[in-house]
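K.L.:
File upload-v8.txt below, compact mmCIF, C-alpha atoms:
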```txt
# COMPACT_ATOMS: atom_id res chain seq x y z
CA MET B 249 -12.69 29.59 -39.77
CA ASN B 250 -8.95 29.13 -39.10
CA ILE B 251 -6.38 28.51 -41.85
CA ALA B 252 -6.06 24.76 -41.23
CA SER B 253 -9.84 24.29 -41.43
CA LEU B 254 -10.05 26.43 -44.58
CA ILE B 255 -7.34 24.41 -46.34
CA LYS B 256 -9.08 21.13 -45.47
CA LYS B 257 -12.39 22.52 -46.71
CA GLN B 258 -10.81 23.65 -49.99
CA LYS B 259 -9.27 20.20 -50.47
CA GLY B 260 -12.60 18.56 -49.83
CA ILE B 261 -11.43 16.88 -46.64
CA ILE B 262 -14.35 16.13 -44.34
CA MET B 263 -13.32 16.30 -40.72
CA LYS B 264 -15.15 14.00 -38.33
CA LYS B 265 -16.96 15.90 -35.64
CA LEU B 266 -15.43 15.07 -32.26
CA ASN B 267 -17.44 15.03 -29.05
CA LEU B 268 -15.06 15.19 -26.09
CA GLY B 269 -15.52 14.70 -22.37
CA VAL B 270 -13.56 15.72 -19.29
CA ILE B 271 -13.10 13.72 -16.09
CA GLY B 272 -12.03 16.14 -13.37
CA VAL B 273 -13.21 19.51 -14.69
CA GLY B 274 -11.55 21.59 -11.98
CA GLY B 275 -7.83 22.39 -11.79
CA ARG B 276 -6.08 20.91 -14.81
CA GLY B 277 -9.50 20.30 -16.36
CA SER B 278 -9.22 23.80 -17.82
CA LEU B 279 -6.74 22.28 -20.27
CA ALA B 280 -9.68 20.87 -22.22
CA ASN B 281 -10.81 24.38 -23.15
CA TYR B 282 -8.12 24.38 -25.84
CA ALA B 283 -9.94 21.46 -27.49
CA HIS B 284 -13.27 23.27 -27.78
CA ASN B 285 -13.23 24.64 -31.31
CA PRO B 286 -16.58 24.47 -33.15
CA GLU B 287 -14.93 25.74 -36.36
CA ASP B 288 -12.83 22.57 -36.39
CA ASP B 289 -15.80 20.42 -35.31
CA THR B 290 -14.22 19.62 -31.94
CA LEU B 291 -16.59 20.13 -29.04
CA ILE B 292 -16.44 19.66 -25.30
CA THR B 293 -19.85 18.10 -24.68
CA ALA B 294 -19.65 16.54 -21.20
CA GLY B 295 -17.80 16.79 -17.91
CA MET B 296 -17.57 14.88 -14.65
CA ASP B 297 -16.46 15.98 -11.20
CA VAL B 298 -17.34 15.22 -7.59
CA SER B 299 -17.56 18.96 -6.90
CA GLN B 300 -20.84 20.66 -7.77
CA GLU B 301 -19.08 24.01 -7.65
CA ALA B 302 -16.53 22.85 -10.24
CA LEU B 303 -19.30 21.48 -12.45
CA LYS B 304 -21.17 24.79 -12.25
CA VAL B 305 -18.11 26.75 -13.38
CA PHE B 306 -17.48 24.18 -16.13
CA SER B 307 -21.04 24.36 -17.43
CA GLU B 308 -21.05 28.16 -17.45
CA LYS B 309 -17.77 28.18 -19.37
CA TYR B 310 -19.52 26.36 -22.23
CA ASN B 311 -22.73 28.42 -21.99
CA ASN B 312 -24.53 25.58 -20.21
CA LYS B 313 -24.48 23.50 -23.40
CA VAL B 314 -22.64 20.56 -21.85
CA SER B 315 -23.86 17.57 -19.86
CA THR B 316 -22.52 17.25 -16.34
CA TYR B 317 -22.04 14.17 -14.16
CA THR B 318 -20.79 13.23 -10.72
CA ASN B 319 -20.15 9.64 -11.83
CA TYR B 320 -17.58 9.08 -14.59
CA ILE B 321 -18.89 5.61 -15.50
CA GLU B 322 -22.31 7.10 -16.16
CA MET B 323 -20.75 9.75 -18.39
CA LEU B 324 -18.68 7.22 -20.37
CA ASP B 325 -21.73 5.00 -20.88
CA LYS B 326 -24.28 7.68 -21.71
CA GLU B 327 -22.26 10.06 -23.87
CA ASN B 328 -21.09 9.14 -27.34
CA LEU B 329 -17.54 10.36 -26.78
CA ASP B 330 -14.76 10.36 -29.35
CA GLY B 331 -12.17 11.13 -26.69
CA VAL B 332 -11.86 12.00 -23.02
CA PHE B 333 -9.50 14.15 -20.99
CA ILE B 334 -8.65 12.63 -17.60
CA THR B 335 -7.38 15.45 -15.41
CA SER B 336 -8.47 14.16 -12.01
CA PRO B 337 -6.17 13.67 -8.98
CA ASP B 338 -3.28 11.27 -9.53
CA PHE B 339 -4.72 8.40 -7.48
CA CYS B 340 -7.80 8.31 -9.76
CA HIS B 341 -5.89 8.01 -13.05
CA GLU B 342 -5.54 4.24 -13.20
CA GLU B 343 -9.16 3.38 -12.50
CA GLN B 344 -10.60 6.05 -14.78
CA ALA B 345 -8.20 5.47 -17.69
CA ILE B 346 -8.91 1.74 -17.65
CA ALA B 347 -12.67 2.39 -17.68
CA ALA B 348 -12.38 4.61 -20.77
CA LEU B 349 -9.93 2.32 -22.57
CA GLU B 350 -12.16 -0.70 -21.95
CA ARG B 351 -14.83 1.23 -23.84
CA LYS B 352 -12.26 1.95 -26.60
CA ILE B 353 -12.49 5.69 -26.01
CA PRO B 354 -9.21 7.51 -26.83
CA VAL B 355 -7.73 8.97 -23.65
CA TYR B 356 -5.71 12.06 -22.85
CA LEU B 357 -4.28 11.14 -19.45
CA GLU B 358 -2.64 13.78 -17.30
CA LYS B 359 0.71 12.81 -15.85
CA PRO B 360 1.67 10.87 -13.84
CA MET B 361 0.09 7.91 -15.61
CA ALA B 362 -0.57 6.26 -12.23
CA ILE B 363 0.99 6.29 -8.77
CA THR B 364 2.41 2.75 -8.99
CA ILE B 365 4.35 0.83 -11.62
CA GLU B 366 1.75 -1.93 -11.51
CA GLY B 367 -0.99 0.64 -12.16
CA CYS B 368 0.83 1.94 -15.24
CA ASP B 369 1.29 -1.58 -16.56
CA ARG B 370 -2.39 -2.39 -16.07
CA ILE B 371 -3.32 0.70 -18.11
CA LEU B 372 -0.98 -0.34 -20.92
CA LYS B 373 -2.35 -3.90 -20.92
CA VAL B 374 -5.94 -2.66 -21.24
CA ALA B 375 -4.95 -0.25 -24.03
CA GLU B 376 -3.18 -3.04 -25.93
CA LYS B 377 -6.01 -5.53 -25.41
CA ASN B 378 -8.66 -3.12 -26.67
CA LYS B 379 -6.46 -1.51 -29.34
CA ALA B 380 -7.31 1.81 -27.72
CA GLY B 381 -5.38 5.04 -28.03
CA ILE B 382 -3.79 6.89 -25.14
CA VAL B 383 -1.85 10.16 -25.07
CA LEU B 384 0.01 11.18 -21.91
CA GLY B 385 0.04 14.74 -20.61
CA HIS B 386 3.81 15.25 -20.56
CA ASN B 387 3.45 18.78 -21.90
CA MET B 388 7.11 19.65 -21.28
CA ARG B 389 7.90 17.81 -24.52
CA TYR B 390 6.06 20.68 -26.22
CA MET B 391 7.87 23.51 -24.41
CA ASN B 392 10.06 25.63 -26.66
CA PHE B 393 13.13 25.52 -24.44
CA VAL B 394 13.04 21.70 -24.30
CA LEU B 395 12.49 21.43 -28.06
CA LYS B 396 15.48 23.70 -28.66
CA MET B 397 17.73 21.60 -26.44
CA LYS B 398 16.51 18.45 -28.21
CA GLU B 399 17.26 20.06 -31.58
CA ILE B 400 20.80 21.00 -30.51
CA ILE B 401 21.44 17.45 -29.28
CA ASP B 402 19.97 15.82 -32.39
CA GLU B 403 22.15 18.00 -34.62
CA GLY B 404 25.21 16.53 -32.91
CA THR B 405 26.45 19.90 -31.65
CA ILE B 406 27.59 18.52 -28.28
CA GLY B 407 28.47 15.04 -29.53
CA ASP B 408 27.16 11.93 -27.76
CA VAL B 409 25.24 12.71 -24.57
CA LYS B 410 26.93 11.16 -21.53
CA ALA B 411 25.46 12.99 -18.52
CA VAL B 412 22.24 14.89 -17.73
CA TRP B 413 21.65 16.89 -14.54
CA CYS B 414 18.43 18.60 -13.54
CA ARG B 415 17.95 20.92 -10.58
CA HIS B 416 14.30 21.69 -9.84
CA PHE B 417 13.51 24.64 -7.58
CA VAL B 418 9.85 24.80 -6.48
CA SER B 419 9.01 28.02 -4.63
CA TYR B 420 5.29 27.21 -4.56
CA GLY B 421 5.73 23.70 -3.16
CA GLY B 422 4.24 24.63 0.19
CA ASP B 423 1.10 25.98 -1.47
CA ALA B 424 0.62 23.28 -4.09
CA TYR B 425 1.61 20.02 -2.42
CA PHE B 426 1.49 20.22 1.35
CA ARG B 427 -2.02 21.58 1.92
CA ASP B 428 -4.19 18.91 0.23
CA TRP B 429 -4.18 15.25 -0.90
CA HIS B 430 -0.71 15.57 -2.44
CA SER B 431 0.81 15.50 1.05
CA GLU B 432 0.03 11.81 1.64
CA GLN B 433 1.87 8.85 0.13
CA LYS B 434 -1.36 6.88 -0.32
CA TYR B 435 -2.65 9.53 -2.74
CA SER B 436 0.51 10.74 -4.50
CA ASN B 437 3.24 8.23 -3.55
CA SER B 438 6.00 10.84 -3.92
CA LEU B 439 6.61 14.23 -5.48
CA LEU B 440 9.06 12.38 -7.72
CA LEU B 441 5.81 11.51 -9.55
CA GLN B 442 3.54 14.57 -9.41
CA LYS B 443 6.42 16.95 -10.19
CA GLY B 444 9.37 14.72 -11.03
CA ALA B 445 7.59 12.66 -13.70
CA HIS B 446 7.89 15.68 -16.01
CA ASP B 447 11.64 16.05 -15.55
CA ILE B 448 12.48 12.35 -15.49
CA ASP B 449 10.63 12.02 -18.80
CA ILE B 450 12.63 14.92 -20.30
CA ILE B 451 15.90 13.47 -18.98
CA HIS B 452 15.05 10.18 -20.68
CA TRP B 453 14.04 11.95 -23.91
CA LEU B 454 17.15 14.11 -24.15
CA ALA B 455 19.45 11.23 -23.15
CA GLY B 456 17.83 8.73 -25.52
CA GLY B 457 17.37 5.98 -22.93
CA TYR B 458 15.43 4.82 -19.90
CA THR B 459 16.57 4.40 -16.31
CA LYS B 460 17.47 0.83 -15.41
CA ARG B 461 18.77 1.49 -11.86
CA VAL B 462 18.15 4.33 -9.42
CA THR B 463 19.30 5.34 -5.98
CA GLY B 464 18.22 8.30 -3.90
CA PHE B 465 18.24 10.32 -0.73
CA GLY B 466 15.65 12.76 0.53
CA LYS B 467 13.64 13.78 3.55
CA LEU B 468 10.71 15.68 4.96
CA ASP B 469 12.65 18.53 6.48
CA VAL B 470 10.47 21.67 6.63
CA TYR B 471 6.71 21.32 6.21
CA ASP B 472 6.28 18.74 8.96
CA LYS B 473 7.30 21.51 11.37
CA CYS B 474 4.55 23.93 10.25
CA PRO B 475 1.13 24.37 11.95
CA ARG B 476 -1.67 22.24 10.44
CA ARG B 477 -5.31 22.82 9.65
CA LYS B 478 -8.02 20.57 11.09
CA GLU B 479 -9.36 17.59 9.14
CA ASN B 480 -12.74 19.25 8.48
CA GLU B 481 -11.27 22.59 7.38
CA LYS B 482 -11.08 23.38 3.68
CA SER B 483 -7.60 23.69 2.23
CA ASP B 484 -6.41 26.79 0.41
CA VAL B 485 -4.02 25.77 -2.35
CA SER B 486 -3.83 29.12 -4.12
CA PHE B 487 -0.30 30.23 -4.98
CA ASN B 488 0.71 33.25 -2.93
CA SER B 489 4.19 34.73 -3.17
CA THR B 490 3.77 36.34 0.26
CA HIS B 491 3.81 32.85 1.80
CA TRP B 492 7.43 33.20 2.84
CA PRO B 493 9.52 32.02 4.62
CA PRO B 494 8.14 28.47 4.73
CA LEU B 495 8.50 27.87 8.48
CA GLU B 496 6.32 30.90 9.24
CA GLN B 497 3.36 29.59 7.23
CA THR B 498 0.27 27.84 8.64
CA GLU B 499 -2.77 25.70 7.70
CA PHE B 500 -0.91 22.77 6.19
CA SER B 501 -2.39 19.30 5.73
CA PRO B 502 -3.24 17.36 8.88
CA LYS B 503 -1.13 14.48 7.55
CA ILE B 504 2.17 14.94 5.72
CA ASP B 505 4.31 11.90 4.95
CA ILE B 506 5.94 12.79 1.63
CA GLU B 507 9.41 14.26 1.27
CA ASP B 508 9.87 17.97 0.57
CA HIS B 509 13.42 17.40 -0.75
CA ASN B 510 14.34 14.59 -3.20
CA MET B 511 17.61 13.65 -4.90
CA ILE B 512 18.02 10.66 -7.21
CA LEU B 513 20.84 9.28 -9.36
CA MET B 514 19.97 7.26 -12.46
CA ASN B 515 21.84 4.74 -14.59
CA LEU B 516 20.22 4.59 -18.03
CA ASP B 517 20.11 1.56 -20.27
CA ASN B 518 22.31 3.26 -22.90
CA GLY B 519 25.10 4.10 -20.46
CA VAL B 520 24.08 7.72 -19.80
CA GLN B 521 24.11 8.76 -16.15
CA ALA B 522 21.73 11.38 -14.79
CA SER B 523 20.65 13.16 -11.64
CA TYR B 524 17.43 14.86 -10.58
CA LEU B 525 17.30 17.17 -7.55
CA GLN B 526 14.00 18.63 -6.36
CA CYS B 527 13.30 21.05 -3.48
CA HIS B 528 9.92 22.46 -2.42
CA TYR B 529 11.00 25.26 -0.08
CA THR B 530 13.18 27.40 -2.33
CA PRO B 531 12.56 31.16 -2.78
CA ASP B 532 12.59 30.87 -6.58
CA SER B 533 11.08 28.54 -9.16
CA CYS B 534 12.87 27.07 -12.16
CA ARG B 535 14.06 23.90 -13.85
CA ASN B 536 17.74 24.01 -14.69
CA TYR B 537 19.09 21.32 -17.03
CA THR B 538 22.71 20.59 -17.89
CA ILE B 539 23.42 18.15 -20.71
CA ILE B 540 27.04 17.13 -21.24
CA GLY B 541 28.25 15.39 -24.37
CA THR B 542 31.58 14.37 -25.87
CA LYS B 543 31.87 17.69 -27.71
CA GLY B 544 30.15 20.23 -25.50
CA ARG B 545 27.58 21.23 -22.89
CA ILE B 546 24.09 22.75 -22.83
CA GLU B 547 22.49 24.61 -19.94
CA ASN B 548 19.22 26.52 -19.66
CA TYR B 549 18.38 29.51 -17.46
CA GLY B 550 14.62 29.90 -17.18
CA ASP B 551 12.10 27.40 -18.51
CA ALA B 552 8.40 27.62 -19.41
CA ARG B 553 8.41 31.39 -19.57
CA GLU B 554 11.39 33.23 -21.07
CA ALA B 555 14.49 31.04 -21.20
CA PHE B 556 18.10 31.38 -22.24
CA ILE B 557 20.06 28.40 -23.50
CA GLN B 558 23.85 28.45 -23.50
CA VAL B 559 25.95 26.02 -25.52
CA TRP B 560 29.68 25.59 -24.88
CA THR B 561 31.66 23.76 -27.61
CA THR B 562 35.21 25.09 -27.16
CA ARG B 563 37.50 24.58 -24.19
CA LYS B 564 37.72 27.41 -21.67
CA ASP B 565 39.72 27.04 -18.49
CA ASN B 566 37.47 29.39 -16.56
CA PHE B 567 33.72 29.86 -16.07
CA SER B 568 31.58 32.09 -18.23
CA LEU B 569 27.84 32.60 -18.12
CA MET B 570 27.86 33.01 -21.90
CA GLY B 571 28.41 30.01 -24.13
CA ASP B 572 29.85 29.83 -27.64
CA ASN B 573 26.24 29.99 -28.81
CA SER B 574 23.33 31.58 -26.98
CA TYR B 575 19.60 31.29 -27.65
CA ARG B 576 16.78 33.35 -26.24
CA ILE B 577 13.59 31.29 -26.10
CA CYS B 578 10.25 33.05 -25.87
CA PRO B 579 7.11 30.97 -25.35
CA PRO B 580 3.98 31.26 -27.52
CA ALA B 581 0.63 32.14 -25.99
CA GLY B 582 -1.09 29.66 -23.72
CA SER B 583 -0.64 28.06 -20.33
CA HIS B 584 2.54 26.23 -19.33
CA GLY B 585 4.68 28.23 -21.69
CA GLY B 586 2.38 27.57 -24.65
CA ALA B 587 2.73 23.82 -24.22
CA ASP B 588 -0.88 23.11 -23.24
CA PRO B 589 -2.53 24.26 -26.47
CA LYS B 590 0.10 22.39 -28.48
CA ILE B 591 -0.31 19.08 -26.65
CA VAL B 592 -4.11 19.32 -26.86
CA LYS B 593 -3.81 19.95 -30.60
CA GLY B 594 -1.60 16.87 -30.75
CA PHE B 595 -4.30 14.81 -29.02
CA ILE B 596 -6.98 15.99 -31.46
CA GLU B 597 -4.74 15.20 -34.44
CA TYR B 598 -3.96 11.80 -32.91
CA ILE B 599 -7.66 10.93 -32.63
CA ARG B 600 -8.13 11.90 -36.27
CA GLY B 601 -5.08 9.93 -37.38
CA GLU B 602 -3.26 13.05 -38.58
CA SER B 603 -0.12 12.93 -36.45
CA ILE B 604 1.80 11.06 -33.76
CA PRO B 605 2.24 12.87 -30.42
CA HIS B 606 5.65 13.79 -29.00
CA THR B 607 4.69 11.91 -25.86
CA SER B 608 4.82 8.16 -25.33
CA PRO B 609 2.85 5.87 -22.98
CA VAL B 610 5.91 3.64 -22.57
CA ALA B 611 8.08 6.66 -21.74
CA SER B 612 5.45 7.86 -19.27
CA ARG B 613 5.42 4.46 -17.59
CA ASN B 614 9.19 4.53 -17.30
CA SER B 615 9.18 8.01 -15.75
CA VAL B 616 6.70 6.79 -13.13
CA ALA B 617 8.73 3.62 -12.59
CA THR B 618 11.87 5.68 -11.98
CA GLY B 619 10.02 7.97 -9.58
CA CYS B 620 8.49 5.05 -7.69
CA LYS B 621 11.78 3.19 -7.35
CA GLY B 622 13.58 6.44 -6.53
CA ALA B 623 11.15 7.06 -3.67
CA GLU B 624 11.55 3.46 -2.55
CA SER B 625 15.32 3.92 -2.48
CA ILE B 626 15.01 7.15 -0.49
CA ARG B 627 12.82 5.40 2.08
CA ALA B 628 15.33 2.53 2.27
CA ASN B 629 18.30 4.79 3.04
CA GLY B 630 19.62 4.90 -0.50
CA ILE B 631 19.60 1.21 -1.43
CA PRO B 632 19.83 1.00 -5.26
CA MET B 633 16.66 -0.18 -6.99
CA ASP B 634 16.27 -1.84 -10.39
CA ILE B 635 13.45 -0.77 -12.72
CA PRO B 636 11.23 -3.72 -13.69
CA PRO B 637 11.12 -4.05 -17.48
CA LEU B 638 7.98 -3.98 -19.60
CA SER B 639 6.99 -7.08 -21.54
CA GLU B 640 7.95 -7.15 -25.22
CA LYS B 641 4.27 -7.26 -26.14
CA LEU B 642 3.58 -3.95 -24.40
CA LEU B 643 6.77 -2.37 -25.73
CA GLU B 644 5.85 -3.16 -29.31
CA TYR B 645 2.22 -2.01 -29.24
CA GLU B 646 1.68 1.36 -30.92
CA TYR B 647 -0.56 3.14 -28.47
```
Mind converting the file's structure to structure tokens?

P.N.:
Amino acid sequence: MNIASLIKKQKGIIMKKLNLGVIGVGGRGSLANYAHNPEDDTLITAGMDVSQEALKVFSEKYNNKVSTYTNYIEMLDKENLDGVFITSPDFCHEEQAIAALERKIPVYLEKPMAITIEGCDRILKVAEKNKAGIVLGHNMRYMNFVLKMKEIIDEGTIGDVKAVWCRHFVSYGGDAYFRDWHSEQKYSNSLLLQKGAHDIDIIHWLAGGYTKRVTGFGKLDVYDKCPRRKENEKSDVSFNSTHWPPLEQTEFSPKIDIEDHNMILMNLDNGVQASYLQCHYTPDSCRNYTIIGTKGRIENYGDAREAFIQVWTTRKDNFSLMGDNSYRICPPAGSHGGADPKIVKGFIEYIRGESIPHTSPVASRNSVATGCKGAESIRANGIPMDIPPLSEKLLEYEY
């Protein structure tokens, strides 16, 4: 029995046993494994996937003591679930989240919330109508390097934030996003959602506001020139560092109509201005944030794994890699720099009414809205786009 469980037992606190399900047990479905803790009375008891192979692996992981389904409605109706992880492909999120929320089942929904603004708003409306809980999978809010930057900002070290820049280098873009369903707009809309939703959310969080207007430029510049696999051939999306350089790789998706390079500029509702630049054919992989305030600047080198944060607070008329203060950030154990076990713990505590998550459904909606309108601007040759506001009713509801 872990320490937290022991303390609760000593205090006479009876923890409700939680039966949890997973929709989309492959890929990010492995996240749910952090929730399976019989000592804390939290159990993964059911899983759904369209792949029999994925269901077999899932069942074996839990010693064949889970129920498996190929229809998520059947699982939601038959199982007495206290919560469900939705880790299916992006284009399934809206439909599946609404089905669970209509049944008043608390939902952990992997980002992006949906692939359209309207889809996000429909999810929020159903959650509000049914007074149902929803936690969004923006696990970067639990990463140590992000939390440290947030702490430095909140302490006032760099004064009032005025500008935020993020450069996102994605060395594995060709493996992860241009060999399967991600490569088509009808399934993913834009990589400003699947990848960018993380960073746009963090930009908003660190800046303390939401984007109200966005403009962008981008293009499909590399992967459309690579040889494709046939429609009936299975895709291999395993990450392989020998897949280099990009133009010499093969077996990409038969259809590719998303951009492999995106750049957007954002005006936030509190006056902060921000930029997000994303490239999927770089040799290295990292998120690099710069936050500039009225009294200083923050920049990180490295992210989910080991990271270094530099803080400059005195004037220097030259460039130095070392700031006035430097922080070495080492991640705890667990996937995504230790963020996955922490966000899952937050979901469990949320179901039990013990804590409020770092993440926010409204913030998640606004990251998707910015990505959608950013992509729309890119495809309209940079015409600025306004972000449609949420209704007051949905803003005020505590999801």

K.L.:
Out of B:Cys474, B:Met391, B:Ile406, B:Ala424, which residue has the shortest atom-to-atom distance to B:Glu547 when counting all atoms listed in the file?

P.N.:
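Result for the nearest residue to B:Glu547: B:Ile406.
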
K.L.:
Closest to B:Leu642 among B:Leu268, B:Cys368, B:Ile506, B:Ile363, using only C-alpha atoms?

P.N.:
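Checking each candidate against B:Leu642, we get B:Cys368 as the closest.
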
K.L.:
Which of these residues is nearest to B:Cys527, using all atoms listed in the file: B:Ser336, B:Thr607, B:Asn548, B:Asn510?

P.N.:
B:Asn510

K.L.:
Find the residue from B:Thr530, B:Asn518, B:Thr405, B:Ser299 that sits nearest to B:Thr459; use all atoms listed in the file when measuring.

P.N.:
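Among B:Thr530, B:Asn518, B:Thr405, B:Ser299, it is B:Asn518 that comes nearest to B:Thr459.
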
K.L.:
Can you tell me, as a PyMOL selection string, what residues are no more than 9 Å from B:Phe465 when counting only C-alpha atoms, ignoring any on the same chain fewer than 2 positions away?

P.N.:
chain B and resi 463+467+509-512+622-623+625-630

K.L.:
Generate a file of the selected residues that holds C-alpha atoms, formatted as a PDB file, in the frame of the given file.

P.N.:
```pdb
ATOM      1  CA  THR B 463      19.300   5.340  -5.980  1.00  0.00           C
ATOM      2  CA  LYS B 467      13.640  13.780   3.550  1.00  0.00           C
ATOM      3  CA  HIS B 509      13.420  17.400  -0.750  1.00  0.00           C
ATOM      4  CA  ASN B 510      14.340  14.590  -3.200  1.00  0.00           C
ATOM      5  CA  MET B 511      17.610  13.650  -4.900  1.00  0.00           C
ATOM      6  CA  ILE B 512      18.020  10.660  -7.210  1.00  0.00           C
ATOM      7  CA  GLY B 622      13.580   6.440  -6.530  1.00  0.00           C
ATOM      8  CA  ALA B 623      11.150   7.060  -3.670  1.00  0.00           C
ATOM      9  CA  SER B 625      15.320   3.920  -2.480  1.00  0.00           C
ATOM     10  CA  ILE B 626      15.010   7.150  -0.490  1.00  0.00           C
ATOM     11  CA  ARG B 627      12.820   5.400   2.080  1.00  0.00           C
ATOM     12  CA  ALA B 628      15.330   2.530   2.270  1.00  0.00           C
ATOM     13  CA  ASN B 629      18.300   4.790   3.040  1.00  0.00           C
ATOM     14  CA  GLY B 630      19.620   4.900  -0.500  1.00  0.00           C
TER      15      GLY B 630
END
```

K.L.:
Counting all atoms listed in the file, which residues have an atom no more than 10 Å from (3.3, 19.6, -0.9) in the file's coordinates? Please list them as a PDB file with C-alpha atoms, keeping the file's coordinate frame.

P.N.:
```pdb
ATOM      1  CA  TYR B 420       5.290  27.210  -4.560  1.00  0.00           C
ATOM      2  CA  GLY B 421       5.730  23.700  -3.160  1.00  0.00           C
ATOM      3  CA  GLY B 422       4.240  24.630   0.190  1.00  0.00           C
ATOM      4  CA  ASP B 423       1.100  25.980  -1.470  1.00  0.00           C
ATOM      5  CA  ALA B 424       0.620  23.280  -4.090  1.00  0.00           C
ATOM      6  CA  TYR B 425       1.610  20.020  -2.420  1.00  0.00           C
ATOM      7  CA  PHE B 426       1.490  20.220   1.350  1.00  0.00           C
ATOM      8  CA  ARG B 427      -2.020  21.580   1.920  1.00  0.00           C
ATOM      9  CA  ASP B 428      -4.190  18.910   0.230  1.00  0.00           C
ATOM     10  CA  TRP B 429      -4.180  15.250  -0.900  1.00  0.00           C
ATOM     11  CA  HIS B 430      -0.710  15.570  -2.440  1.00  0.00           C
ATOM     12  CA  SER B 431       0.810  15.500   1.050  1.00  0.00           C
ATOM     13  CA  GLU B 432       0.030  11.810   1.640  1.00  0.00           C
ATOM     14  CA  SER B 436       0.510  10.740  -4.500  1.00  0.00           C
ATOM     15  CA  SER B 438       6.000  10.840  -3.920  1.00  0.00           C
ATOM     16  CA  LEU B 439       6.610  14.230  -5.480  1.00  0.00           C
ATOM     17  CA  GLN B 442       3.540  14.570  -9.410  1.00  0.00           C
ATOM     18  CA  TYR B 471       6.710  21.320   6.210  1.00  0.00           C
ATOM     19  CA  VAL B 485      -4.020  25.770  -2.350  1.00  0.00           C
ATOM     20  CA  PHE B 500      -0.910  22.770   6.190  1.00  0.00           C
ATOM     21  CA  SER B 501      -2.390  19.300   5.730  1.00  0.00           C
ATOM     22  CA  ILE B 504       2.170  14.940   5.720  1.00  0.00           C
ATOM     23  CA  ASP B 505       4.310  11.900   4.950  1.00  0.00           C
ATOM     24  CA  ILE B 506       5.940  12.790   1.630  1.00  0.00           C
ATOM     25  CA  GLU B 507       9.410  14.260   1.270  1.00  0.00           C
ATOM     26  CA  ASP B 508       9.870  17.970   0.570  1.00  0.00           C
ATOM     27  CA  HIS B 528       9.920  22.460  -2.420  1.00  0.00           C
ATOM     28  CA  TYR B 529      11.000  25.260  -0.080  1.00  0.00           C
TER      29      TYR B 529
END
```

K.L.:
Go ahead and find all residues with at least one atom no further than 8 Å from (-24.9, 19.5, -9.2) in the file's coordinates, using only C-alpha atoms; report them as a ChimeraX atom specification.

P.N.:
/B:299-301,303-304,316-318

K.L.:
For B:Asn311, which residue out of B:Ile292, B:Ile346, B:Gly274, B:Gly407 is the nearest one, using all atoms listed in the file?

P.N.:
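For B:Asn311, the nearest of the given residues is B:Ile292.
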